[in-house]
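Novice: A single structure is presented below for examination.
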Amino acid sequence: MNCSIRRYELSLCLDGRLPSGSRAVVMQHVATCDGCSTFWSELQAAQRLTLQLPRVRLGEGFHEELWERIRAGEGTPEAVFHEPVPVLAKVRYALTGAAAAAAVLACMTWLRNDRVPAEQSHVAKVAPPANDDAHAAAINVASGGADASGGWHQALDPIDQSPLIASMQRLRFNTLAVETAKQLEQRYSSASRALRRTDDGGANGESAVRQVFENADDLHSFGEFLLAMCRNDWLFFTDPEVGADLRLVVDMLGQSRLHRRDRDTLRSFVAPALRTARLANVSDSIGLKPLDPRLEMDVLARLNRQWTEVFPKLFIVFGTDDAVCEQLGLFRNGTIFVMEGQCGPSWVAPRSEVEARDGLLRLLRAHARSSSTALPGGGQQVEVHIEVPRDHR
Amino acid sequence: MVNPTQEYQPDPITMVSYHRALAEYAESLKSYATRLLGDSVAAEDVAQDAFLALFRHLNQVPAGAFRPWLFRVARNLCLDQLRRRKFKLSLFRDLQKDEDRPFTPQDATNTRPDQLAETREANQAIESAIAELPTKFREAFLLCEVEGMSYEDAAAVMGCPVKTVSTRLFRARQRFKSLVSRLIKV
């Protein structure tokens, strides 16, 4: 029998808290156990000692003073309801608070991490499995416009610039190709319309001839640009006849540039080139081949250096002025990109997107001033500075 | 200090209960507070504060719960004082002073000086033994052993389960028995 338990029961027995059946068992044990018998006797003796303690008497004026305080309307001391909090409880409260704070922090961190890929989803695309057949893996970007990358891009390293620049989408090769095709179509349409007006007499006819040549020059440049991409196997034509027509047009317009800009040249080279109607839908007939993202950046940088006269006709460069882009609302409609240039990253917007907003284009023309800088490689960098009044949003 | 401006007038039956509580529990409340604080003057203030608080809350406390309620309030007040004044190390120090030594019936009956001195010495040893108990054990010991409170009421005062009261009381008795072993005459 465990004496420790029996002694605890003896303590209960002293207070009359033990049931009679248990009490008999405990007393039977006490009768046979010398140690517990002595304990029981000492326990009773100690209780007697306690009971003989003198009572503390109240002071003489206790009751009078109490009733005086009650009559005076004295309130309850605040400490009456100050429950002492055990140290363990304090530790538990502290740990609980710390755990709650850690949980909140973890949730916030998780949410922040979860938001970043979502914000960059326009540019961060996962590359599909490698495929030897380039044509099969190629995506027709024409139908989707600037964002129709078809899912073959990979995430890029963020640009070490302002947070706004770093968070925006980079200029991609597909955007460049589509914008070139759109500008080519636009020049083709303008040249064709102007060509129909060349038979007008007087100044209108002469003006139309100039417009035909101007648009034909741009058409030639954009066509050469697209064909250069095609030769580098970065781009292909989904409709081979469109590619063939483009080569023919570029060749004929290239010859026209060797001659005088008169009506004879117009009739001999430009007008036959503009007869093909397929150039009105080039953007619907081009496809892109998968590019390694790092190679893609190199390609864009090289094209920017080699075709310095083409890029300003494709994109409006806003530099690094966030305020201008914000005032023009370009951040809101997602038509602005970050392009890596020789002078670092800068904002660029496809001209077709900007020109689609006539008001915005007029605003740009009214407030834009350009400056060109000679680059070490022989080219020129054209910078366009725009100061937009604050009331234009 | 909370300053209740409302004028509460208890009904006559409640006032009778209050007067009875004052007569029955005032001394034991002061005794309990004295052994917790080691200061009879402060203990009397605690007892008075407890009864003042009871009067202000007569409409909230049933008459049957006056005793544990008073001891609970007294306990809170004592622990608050101990906390603020850091009296823990000086518990019962003042009790050893002659002027604070309580009057006991034995003083009147035991006229012989040697018996009187023996009784005083025994009482001091008992008080010292109680003072040496850990606070949690001392609470249980004072409420149940000295004041004769039930386990349930003691649990209500201490804010712990009844089982905890019985366990603490057992431990306190074991230690107290060892501390006063020389006084025990089996």
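If you're wondering about the labels, chains in the structure tokens are A, B, ... by order shown, residues count from 1 in each chain, ligands from 1 in order shown.
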What are the closest atom pairs, with distances in Å to one decimal, for all residues of chain A lying within 8 Å of chain B? Consider only C-alpha atoms, order rows by chain and residue number, and present the result as a tab-separated table.
Specialist:
residue	atom	partner	partner_atom	distance
A:Tyr8	CA	B:Phe170	CA	6.2
A:Ser11	CA	B:Phe170	CA	5.8
A:Leu12	CA	B:Ser166	CA	7.2
A:Ser41	CA	B:Val186	CA	6.2
A:Glu42	CA	B:Val186	CA	6.3
A:Leu43	CA	B:Lys177	CA	6.7
A:Ala45	CA	B:Ile184	CA	5.9
A:Ala46	CA	B:Lys177	CA	5.9
A:Gln47	CA	B:Glu145	CA	7.2
A:Leu49	CA	B:Ile126	CA	7.6
A:Thr50	CA	B:Val146	CA	6.3
A:Leu51	CA	B:Val146	CA	6.5
A:Leu53	CA	B:Asn123	CA	6.4
A:Pro54	CA	B:Thr104	CA	5.2
A:Arg55	CA	B:Ser31	CA	6.6
A:Val56	CA	B:Ser31	CA	5.1
A:Arg57	CA	B:Glu27	CA	5.7
A:Leu58	CA	B:Glu27	CA	5.9
A:Gly59	CA	B:Glu44	CA	7.5
A:Phe62	CA	B:Gln48	CA	7.3
A:Leu66	CA	B:Gln48	CA	6.1
A:Arg69	CA	B:Leu52	CA	7.6
A:Ile70	CA	B:Leu52	CA	6.6
A:Gly73	CA	B:Thr5	CA	7.5
A:Glu74	CA	B:Asn3	CA	6.5
A:Gly75	CA	B:Asn3	CA	4.4
A:Thr76	CA	B:Ala53	CA	5.0
A:Pro77	CA	B:Met1	CA	5.0
A:Glu78	CA	B:Met1	CA	5.6
A:Ala79	CA	B:Leu77	CA	5.6
A:Val80	CA	B:Val73	CA	5.3
A:Phe81	CA	B:Asn76	CA	6.9
A:His82	CA	B:Asn76	CA	6.2
A:Glu83	CA	B:Asn76	CA	6.1
A:Pro84	CA	B:Asn76	CA	7.1
Novice: Could you tell me how far CA of Arg138 (chain B) sits from CA of Thr164 (chain B), in Å to one decimal place?
Specialist: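 Atom-to-atom, CA of Thr164 (chain B) to CA of Arg138 (chain B), that is 13.2 Å.
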Novice: Write out as number ranges by chain the set of residues from region 26-95 of chain B that DSSP, computed on the backbone, places in helix (DSSP H, G or I).
Specialist: B: 26-37, 40-56, 63-85, 88-90, 94-95
Novice: Produce a file of the selected residues containing C-alpha atoms, as an mmCIF file, in the first residue's frame.
Specialist:
data_model
loop_
_atom_site.group_PDB
_atom_site.id
_atom_site.type_symbol
_atom_site.label_atom_id
_atom_site.label_comp_id
_atom_site.auth_asym_id
_atom_site.auth_seq_id
_atom_site.Cartn_x
_atom_site.Cartn_y
_atom_site.Cartn_z
ATOM 1 C CA ALA B 26 -14.547 40.940 10.757
ATOM 2 C CA GLU B 27 -12.063 39.510 13.245
ATOM 3 C CA SER B 28 -11.214 36.449 11.164
ATOM 4 C CA LEU B 29 -10.784 38.702 8.150
ATOM 5 C CA LYS B 30 -8.367 40.900 10.045
ATOM 6 C CA SER B 31 -6.601 37.795 11.351
ATOM 7 C CA TYR B 32 -6.226 36.405 7.835
ATOM 8 C CA ALA B 33 -4.974 39.743 6.526
ATOM 9 C CA THR B 34 -2.588 40.125 9.443
ATOM 10 C CA ARG B 35 -0.957 36.781 8.712
ATOM 11 C CA LEU B 36 -0.705 37.604 5.030
ATOM 12 C CA LEU B 37 0.615 41.129 5.483
ATOM 13 C CA SER B 40 -2.033 44.397 12.029
ATOM 14 C CA VAL B 41 -2.733 48.070 11.272
ATOM 15 C CA ALA B 42 -2.699 47.521 7.549
ATOM 16 C CA ALA B 43 -4.726 44.339 8.075
ATOM 17 C CA GLU B 44 -7.452 46.315 9.856
ATOM 18 C CA ASP B 45 -7.578 48.707 6.903
ATOM 19 C CA VAL B 46 -7.869 45.744 4.590
ATOM 20 C CA ALA B 47 -10.734 44.304 6.613
ATOM 21 C CA GLN B 48 -12.487 47.659 6.636
ATOM 22 C CA ASP B 49 -11.966 48.087 2.879
ATOM 23 C CA ALA B 50 -13.404 44.627 2.333
ATOM 24 C CA PHE B 51 -16.551 45.386 4.297
ATOM 25 C CA LEU B 52 -16.863 48.769 2.613
ATOM 26 C CA ALA B 53 -16.647 47.039 -0.773
ATOM 27 C CA LEU B 54 -19.233 44.496 0.338
ATOM 28 C CA PHE B 55 -21.618 47.270 1.338
ATOM 29 C CA ARG B 56 -21.213 48.893 -2.067
ATOM 30 C CA ALA B 63 -25.801 36.607 1.575
ATOM 31 C CA GLY B 64 -24.565 33.029 1.482
ATOM 32 C CA ALA B 65 -21.439 34.100 -0.395
ATOM 33 C CA PHE B 66 -20.482 36.960 1.903
ATOM 34 C CA ARG B 67 -17.647 35.060 3.582
ATOM 35 C CA PRO B 68 -15.699 33.846 0.505
ATOM 36 C CA TRP B 69 -16.391 37.169 -1.197
ATOM 37 C CA LEU B 70 -14.912 39.094 1.738
ATOM 38 C CA PHE B 71 -11.860 36.840 1.933
ATOM 39 C CA ARG B 72 -11.358 37.061 -1.798
ATOM 40 C CA VAL B 73 -11.446 40.849 -1.655
ATOM 41 C CA ALA B 74 -9.134 40.839 1.373
ATOM 42 C CA ARG B 75 -6.750 38.539 -0.477
ATOM 43 C CA ASN B 76 -6.683 40.847 -3.493
ATOM 44 C CA LEU B 77 -6.025 43.840 -1.286
ATOM 45 C CA CYS B 78 -3.270 42.054 0.632
ATOM 46 C CA LEU B 79 -1.515 40.793 -2.476
ATOM 47 C CA ASP B 80 -1.767 44.269 -3.981
ATOM 48 C CA GLN B 81 -0.127 45.756 -0.906
ATOM 49 C CA LEU B 82 2.531 43.059 -0.855
ATOM 50 C CA ARG B 83 3.243 43.700 -4.469
ATOM 51 C CA ARG B 84 3.494 47.444 -4.100
ATOM 52 C CA ARG B 85 5.365 47.577 -0.835
ATOM 53 C CA LYS B 88 7.063 39.598 1.183
ATOM 54 C CA LEU B 89 10.413 39.482 2.958
ATOM 55 C CA SER B 90 9.107 41.265 6.031
ATOM 56 C CA ASP B 94 5.961 43.326 13.146
ATOM 57 C CA LEU B 95 4.112 40.549 14.884
#
Novice: Taking only C-alpha atoms into account, which of B:Leu116, B:Val162, B:Tyr25, B:Arg168 comes nearest Thr135 (chain B)?
Specialist: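 Checking each candidate against Thr135 (chain B), we get B:Arg168 as the closest.
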Novice: Please provide the set of residues having any atom within 10 Å of region 26-32 of chain A, restricted to only C-alpha atoms, with same-chain residues fewer than 2 positions apart removed, written as a list in words.
Specialist: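 The residues that qualify are Met1, Cys3, Ile5, Arg6, Arg7, Glu9, Leu10, Cys13, Leu18, Ser20, Gly21, Ser22, Arg23, Ala24, Asp34, Gly35, Cys36, Ser37, Thr38, Phe39, Trp40 and Ser41 of chain A.
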Novice: What is the distance between CA of Lys289 (chain A) and CA of Phe236 (chain A), in Å to one decimal?
Specialist: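 Pair CA of Lys289 (chain A) / CA of Phe236 (chain A) returns 7.6 Å.
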Novice: Write out as a PyMOL selection string the residues lying within 10 Å of Arg187 (chain A), counting only C-alpha atoms and excluding same-chain residues fewer than 5 positions away.
Specialist: chain A and resi 181-182+192-193+211-212+214-220+222+279-280
Novice: Could you list, as a ChimeraX atom specification, every residue within 9 Å of Glu340 (chain A), counting only C-alpha atoms and ignoring same-chain residues fewer than 3 positions away?
Specialist: /A:159,170-171,297,300-301,343-346
Novice: What gap, in Å, lies between CA of Leu258 (chain A) and CA of Ser189 (chain A)?
Specialist: 23.0 Å
